[in-house]
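K.L.:
Here you go, one structure.
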2 protein chains.
Amino acid sequence: MKDARKIKDLLYEQVARIGKVFSSPKRLELIELLCQGEKTVETLAREASISVKLTSSHLRELRMAQLVETERQGKNILYRLANKSVADLWVQVHTLAEDRLVELQLALQKIATQPADLIASDRESLMKAARKGEVVVLDVRPSEEYLNAHLPFARSIPLEELRQRLSELPKDRSVVAYCRGPYCLMAADAVALLKDEGFTAFHLREGVAEWAISK
Amino acid sequence: MKDARKIKDLLYEQVARIGKVFSSPKRLELIELLCQGEKTVETLAREASISVKLTSSHLRELRMAQLVETERQGKNILYRLANKSVADLWVQVHTLAEDRLVELQLALQKIATQPADLIASDRESLMKAARKGEVVVLDVRPSEEYLNAHLPFARSIPLEELRQRLSELPKDRSVVAYCRGPYCLMAADAVALLKDEGFTAFHLREGVAEWAISK
DNA sequence: TAATCATTCCAGCATTCACTAGAATGATAA
DNA sequence: TTATCATTCTAGTGAATGCTGGAATGATTA
């Protein structure tokens with residue numbers, strides 16, 4: 001009967017390999033970035049604000065847990081999530097964290113300059129309004145990420161170009177901005193800028209990965 | 001703009017607290033046990049084959065991540081999952097692990113004595129057959145766990161009592177046994193015993209937590 | 001060929017982790 | 001009071017982890 005113990009230990013140990021990947025803040029950040037589409041090591045390093053070497057070693061962990069795939073493209077190596085369920089798991093983990101951890105809730109409140117900027121994400125009605133053109137859904141991520149996937153009816157204006165392209169947006173309707181997800185600051189910045197310029201703007205906390213989760 | 005980095009780091013750090021809980025094999029085992037219902041520290045220690053003190057310290061981690069709740073009941077302290085989504089997360093993590101990790105797939109094959117014993121879990125048709133009484137769904141977990149929650153139409157005969165209570169089961173119909181989940185060995189043992197005794201028996205890999213996930 | 005992108009190996013450092021053991025503490029029930 | 005259940009503190013061990021730096025290696029492109 002000692003055998004049973006050994007087998008069980010082996011099984012849980014394997015599952016823990018997946019848990020370990022999700023136990024490091026930097027790896028979580030890399031996962032969220034990869035949720036936006038495939039990226040090179042350099043890009044990931046820059047966007048996560050860490051060295052290429054450290055990025056490489058975190059990506060190694062992800063590879064060893066079979067959560068990412070790689071593809072060489074010329075001089076670069078592209079990383080992408082191995083599976084949609086990896087993105088789903090990321091969303092489920094951070095959602096549970098937001099549900100349980102008061103510290104996280106408090107930290108999140110610091111992002112939205114004004115809580116009133118946040119839009120209560122009633123998907124049905126938001127999409128209905130977007131379809132009718134009553135609101136403009138604005139994707140402020142880099143355009144490659146928009147091209148990889150975006151919310152229905154969304155228009156792309158990367159945050160960096162927003163100030164120059166304000167004329168593309170209407171002042172008589174609401175603008176709902178979103179970015180990579182609740183931990184990305186781009187949408188909040190966009191909303192602040194838009195409101196400064198006299199637009200009616202709201203902040204949608206969810207990104208593409210969160211939106212894709214079937215509820 | 002350094003502020004943005006600090007806030008981001010803080011956010012991912014909080015989410016990583018949840019990931020850390022899922023990064024230890026023993027804690028995963030405790031979570032699975034708690035998926036079966038509330039239990040005392042002693043029970044958990046016994047069923048996970050670890051010391052009470054070590055169990056206590058793992059439970060402390062779970063408490064600090066707000067994933068469990070406690071309640072004093074006389075001399076004992078009962079632990080239970082704080083939320084259904086904790087059980088859901090456990091299921092999703094081990095499902096992803098089974099999907100991605102070949103080593104885990106191989107280890108799982110050792111459990112079912114014969115792969116043919118495994119029942120392809122087409123829920124619809126299994127439940128239809130169970131409703132009609134064409135098959136007997138058998139819960140071989142301890143009876144407290146059955147009382148806490150069980151599959152529809154399931155009958156309870158704890159593995160320990162199975163040998164003495166064989167006469168309660170029909171020989172002209174199939175018996176489908178299940179236990180705590182894919183990492184629990186009780187259902188496999190039950191099926192082996194039943195087949196030895198001339199019953200037609202199958203092994204359902206899923207437990208209550210897996211069954212409860214909406215697909 | 002040289003330059004770029006990425007990984008790997010080495011070493012080192014500080015920190016954390018899982019686990020064990022002994023002893024003390026607290027809360028409860030009989 | 002005594003016994004039981006559970007946690008906590010201290011202390012220790014061995015292992016792993018996150019990160020940094022330097023140097024070498026490979027694959028690719030120009």
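Identifiers in the structure tokens: chain A, B, ... in order shown; residue index from 1 per chain; ligand index from 1 in order shown.
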Please find the residues of chain C near chain A - the criterion being any atom within 8 Å, counting only C-alpha atoms (C1' of nucleotides) - and write them as a ChimeraX atom specification.

P.N.:
/C:4-7

K.L.:
For those residues, write N, CA and C atoms (P, O5', C5', C4', C3', O3' and C1' of nucleotides) to a file as an mmCIF file, in the first residue's frame.

P.N.:
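Output file again_37.cif follows:
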data_model
loop_
_atom_site.group_PDB
_atom_site.id
_atom_site.type_symbol
_atom_site.label_atom_id
_atom_site.label_comp_id
_atom_site.auth_asym_id
_atom_site.auth_seq_id
_atom_site.Cartn_x
_atom_site.Cartn_y
_atom_site.Cartn_z
ATOM 1 P P DT C 4 24.168 45.082 -34.293
ATOM 2 O "O5'" DT C 4 23.115 43.905 -34.281
ATOM 3 C "C5'" DT C 4 22.295 43.665 -35.429
ATOM 4 C "C4'" DT C 4 21.336 42.538 -35.129
ATOM 5 C "C3'" DT C 4 20.715 42.590 -33.723
ATOM 6 O "O3'" DT C 4 19.314 42.432 -33.847
ATOM 7 C "C1'" DT C 4 21.649 40.463 -34.131
ATOM 8 P P DC C 5 18.356 42.602 -32.569
ATOM 9 O "O5'" DC C 5 18.045 41.095 -32.200
ATOM 10 C "C5'" DC C 5 17.346 40.265 -33.138
ATOM 11 C "C4'" DC C 5 17.264 38.862 -32.593
ATOM 12 C "C3'" DC C 5 16.694 38.771 -31.173
ATOM 13 O "O3'" DC C 5 15.639 37.824 -31.173
ATOM 14 C "C1'" DC C 5 18.731 37.576 -31.335
ATOM 15 P P DA C 6 14.749 37.630 -29.869
ATOM 16 O "O5'" DA C 6 15.540 36.457 -29.147
ATOM 17 C "C5'" DA C 6 15.590 35.190 -29.790
ATOM 18 C "C4'" DA C 6 16.429 34.241 -28.975
ATOM 19 C "C3'" DA C 6 16.081 34.151 -27.497
ATOM 20 O "O3'" DA C 6 15.401 32.922 -27.303
ATOM 21 C "C1'" DA C 6 18.443 34.081 -27.911
ATOM 22 P P DT C 7 15.036 32.421 -25.818
ATOM 23 O "O5'" DT C 7 16.291 31.507 -25.472
ATOM 24 C "C5'" DT C 7 16.693 30.535 -26.430
ATOM 25 C "C4'" DT C 7 18.007 29.923 -26.012
ATOM 26 C "C3'" DT C 7 18.002 29.340 -24.593
ATOM 27 O "O3'" DT C 7 18.204 27.942 -24.697
ATOM 28 C "C1'" DT C 7 19.975 30.596 -25.048
#

K.L.:
Can you list, as number ranges by chain, all residues belonging to range 13-210 of chain A that DSSP tags as strand (DSSP E)?

P.N.:
A: 39-40, 68-73, 76-81, 135-139, 155-156, 174-178, 200-203

K.L.:
Any idea what's packed within 9 Å of range 12-27 of chain D, counting only C-alpha atoms (C1' of nucleotides), ignoring anything in its chain fewer than 6 positions away? Could you give it as a PyMOL selection string?

P.N.:
(chain A and resi 54+75) or (chain C and resi 5-10+12-13+15-20)

K.L.:
Could you write out that same residue set with C-alpha atoms (C1' of nucleotides) as a PDB file, in the first residue's frame?

P.N.:
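Result file is again33.pdb:
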ATOM      1  CA  LEU A  54      15.724  36.884 -17.002  1.00  0.00           C
ATOM      2  CA  LYS A  75      16.359  36.199 -36.275  1.00  0.00           C
TER       3      LYS A  75
ATOM      4  C1'  DC C   5      18.731  37.576 -31.335  1.00  0.00           C
ATOM      5  C1'  DA C   6      18.443  34.081 -27.911  1.00  0.00           C
ATOM      6  C1'  DT C   7      19.975  30.596 -25.048  1.00  0.00           C
ATOM      7  C1'  DT C   8      23.089  28.459 -21.955  1.00  0.00           C
ATOM      8  C1'  DC C   9      26.657  27.750 -18.468  1.00  0.00           C
ATOM      9  C1'  DC C  10      29.228  29.447 -14.764  1.00  0.00           C
ATOM     10  C1'  DG C  12      27.311  34.096  -6.619  1.00  0.00           C
ATOM     11  C1'  DC C  13      23.911  36.138  -3.362  1.00  0.00           C
ATOM     12  C1'  DT C  15      15.614  34.716   0.173  1.00  0.00           C
ATOM     13  C1'  DT C  16      12.237  31.456   0.611  1.00  0.00           C
ATOM     14  C1'  DC C  17      10.407  26.833   1.116  1.00  0.00           C
ATOM     15  C1'  DA C  18       9.236  22.116   2.778  1.00  0.00           C
ATOM     16  C1'  DC C  19       9.938  19.482   6.306  1.00  0.00           C
ATOM     17  C1'  DT C  20      11.277  17.859  11.059  1.00  0.00           C
TER      18       DT C  20
END

K.L.:
Pull the closest atom pair for each residue of range 77-153 of chain B that gets at most 7 Å from range 13-34 of chain A, along with the distance in Å to one decimal, counting only C-alpha atoms, ordering rows by chain and then ascending residue number, as JSON lines.

P.N.:
{"residue": "B:His94", "atom": "CA", "partner": "A:Val15", "partner_atom": "CA", "distance": 5.7}
{"residue": "B:Ala97", "atom": "CA", "partner": "A:Val15", "partner_atom": "CA", "distance": 5.5}
{"residue": "B:Leu104", "atom": "CA", "partner": "A:Gln14", "partner_atom": "CA", "distance": 6.0}

K.L.:
Report as an MDAnalysis selection string: the residues of range 41-201 of chain B with a DSSP assignment of helix (DSSP H, G or I), based on the backbone of this structure.

P.N.:
chainID B and resid 41:48 52:64 84:100 102:109 115:117 123:132 143:148 159:168 186:196

K.L.:
Report as a JSON list (two decimals) with N, CA, C and O atoms (P, O5', C5', C4', C3', O3' and C1' of nucleotides), in the first residue's frame all protein, DNA and RNA residues lying within 12 Å of DA24 in chain C, evaluated on only C-alpha atoms (C1' of nucleotides), omitting residues in the same chain fewer than 3 positions from it.

P.N.:
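Okay, around_34.json is ready:
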[["chain", "number", "residue", "atom", "x", "y", "z"],
["D", 7, "DT", "P", -4.97, 24.36, 13.17],
["D", 7, "DT", "O5'", -4.00, 25.33, 13.97],
["D", 7, "DT", "C5'", -4.59, 26.28, 14.83],
["D", 7, "DT", "C4'", -3.53, 26.97, 15.65],
["D", 7, "DT", "C3'", -2.39, 27.58, 14.82],
["D", 7, "DT", "O3'", -2.39, 28.98, 15.04],
["D", 7, "DT", "C1'", -1.57, 26.40, 16.70],
["D", 8, "DT", "P", -1.42, 29.92, 14.20],
["D", 8, "DT", "O5'", -0.15, 30.01, 15.16],
["D", 8, "DT", "C5'", -0.29, 30.52, 16.48],
["D", 8, "DT", "C4'", 1.03, 30.35, 17.22],
["D", 8, "DT", "C3'", 2.24, 30.86, 16.43],
["D", 8, "DT", "O3'", 2.78, 31.99, 17.10],
["D", 8, "DT", "C1'", 2.66, 28.75, 17.47],
["D", 9, "DC", "P", 3.94, 32.89, 16.42],
["D", 9, "DC", "O5'", 5.26, 32.44, 17.17],
["D", 9, "DC", "C5'", 5.24, 32.25, 18.58],
["D", 9, "DC", "C4'", 6.53, 31.59, 19.03],
["D", 9, "DC", "C3'", 7.74, 31.96, 18.16],
["D", 9, "DC", "O3'", 8.76, 32.53, 18.96],
["D", 9, "DC", "C1'", 7.57, 29.60, 18.43],
["D", 10, "DT", "P", 10.08, 33.16, 18.25],
["D", 10, "DT", "O5'", 11.15, 32.01, 18.45],
["D", 10, "DT", "C5'", 11.16, 31.24, 19.65],
["D", 10, "DT", "C4'", 12.10, 30.07, 19.49],
["D", 10, "DT", "C3'", 13.29, 30.38, 18.57],
["D", 10, "DT", "O3'", 14.51, 30.06, 19.21],
["D", 10, "DT", "C1'", 12.20, 28.37, 17.90]]

K.L.:
Return the neighbours of chain B among the residues of chain D, cut-off 9 Å, counting only C-alpha atoms (C1' of nucleotides), as an MDAnalysis selection string.

P.N.:
chainID D and resid 4:7

K.L.:
When you count only C-alpha atoms, which of these residues is closest to chain B: A:Glu103, A:Glu134, A:Asp3, A:Asp139?

P.N.:
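So, comparing all the options, the nearest one is A:Glu103.
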
K.L.:
Quote the spacing between CA of Thr43 in chain B and CA of Pro142 in chain B in Å to one decimal place.

P.N.:
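Result for CA of Thr43 in chain B versus CA of Pro142 in chain B: 11.8 Å, one decimal.
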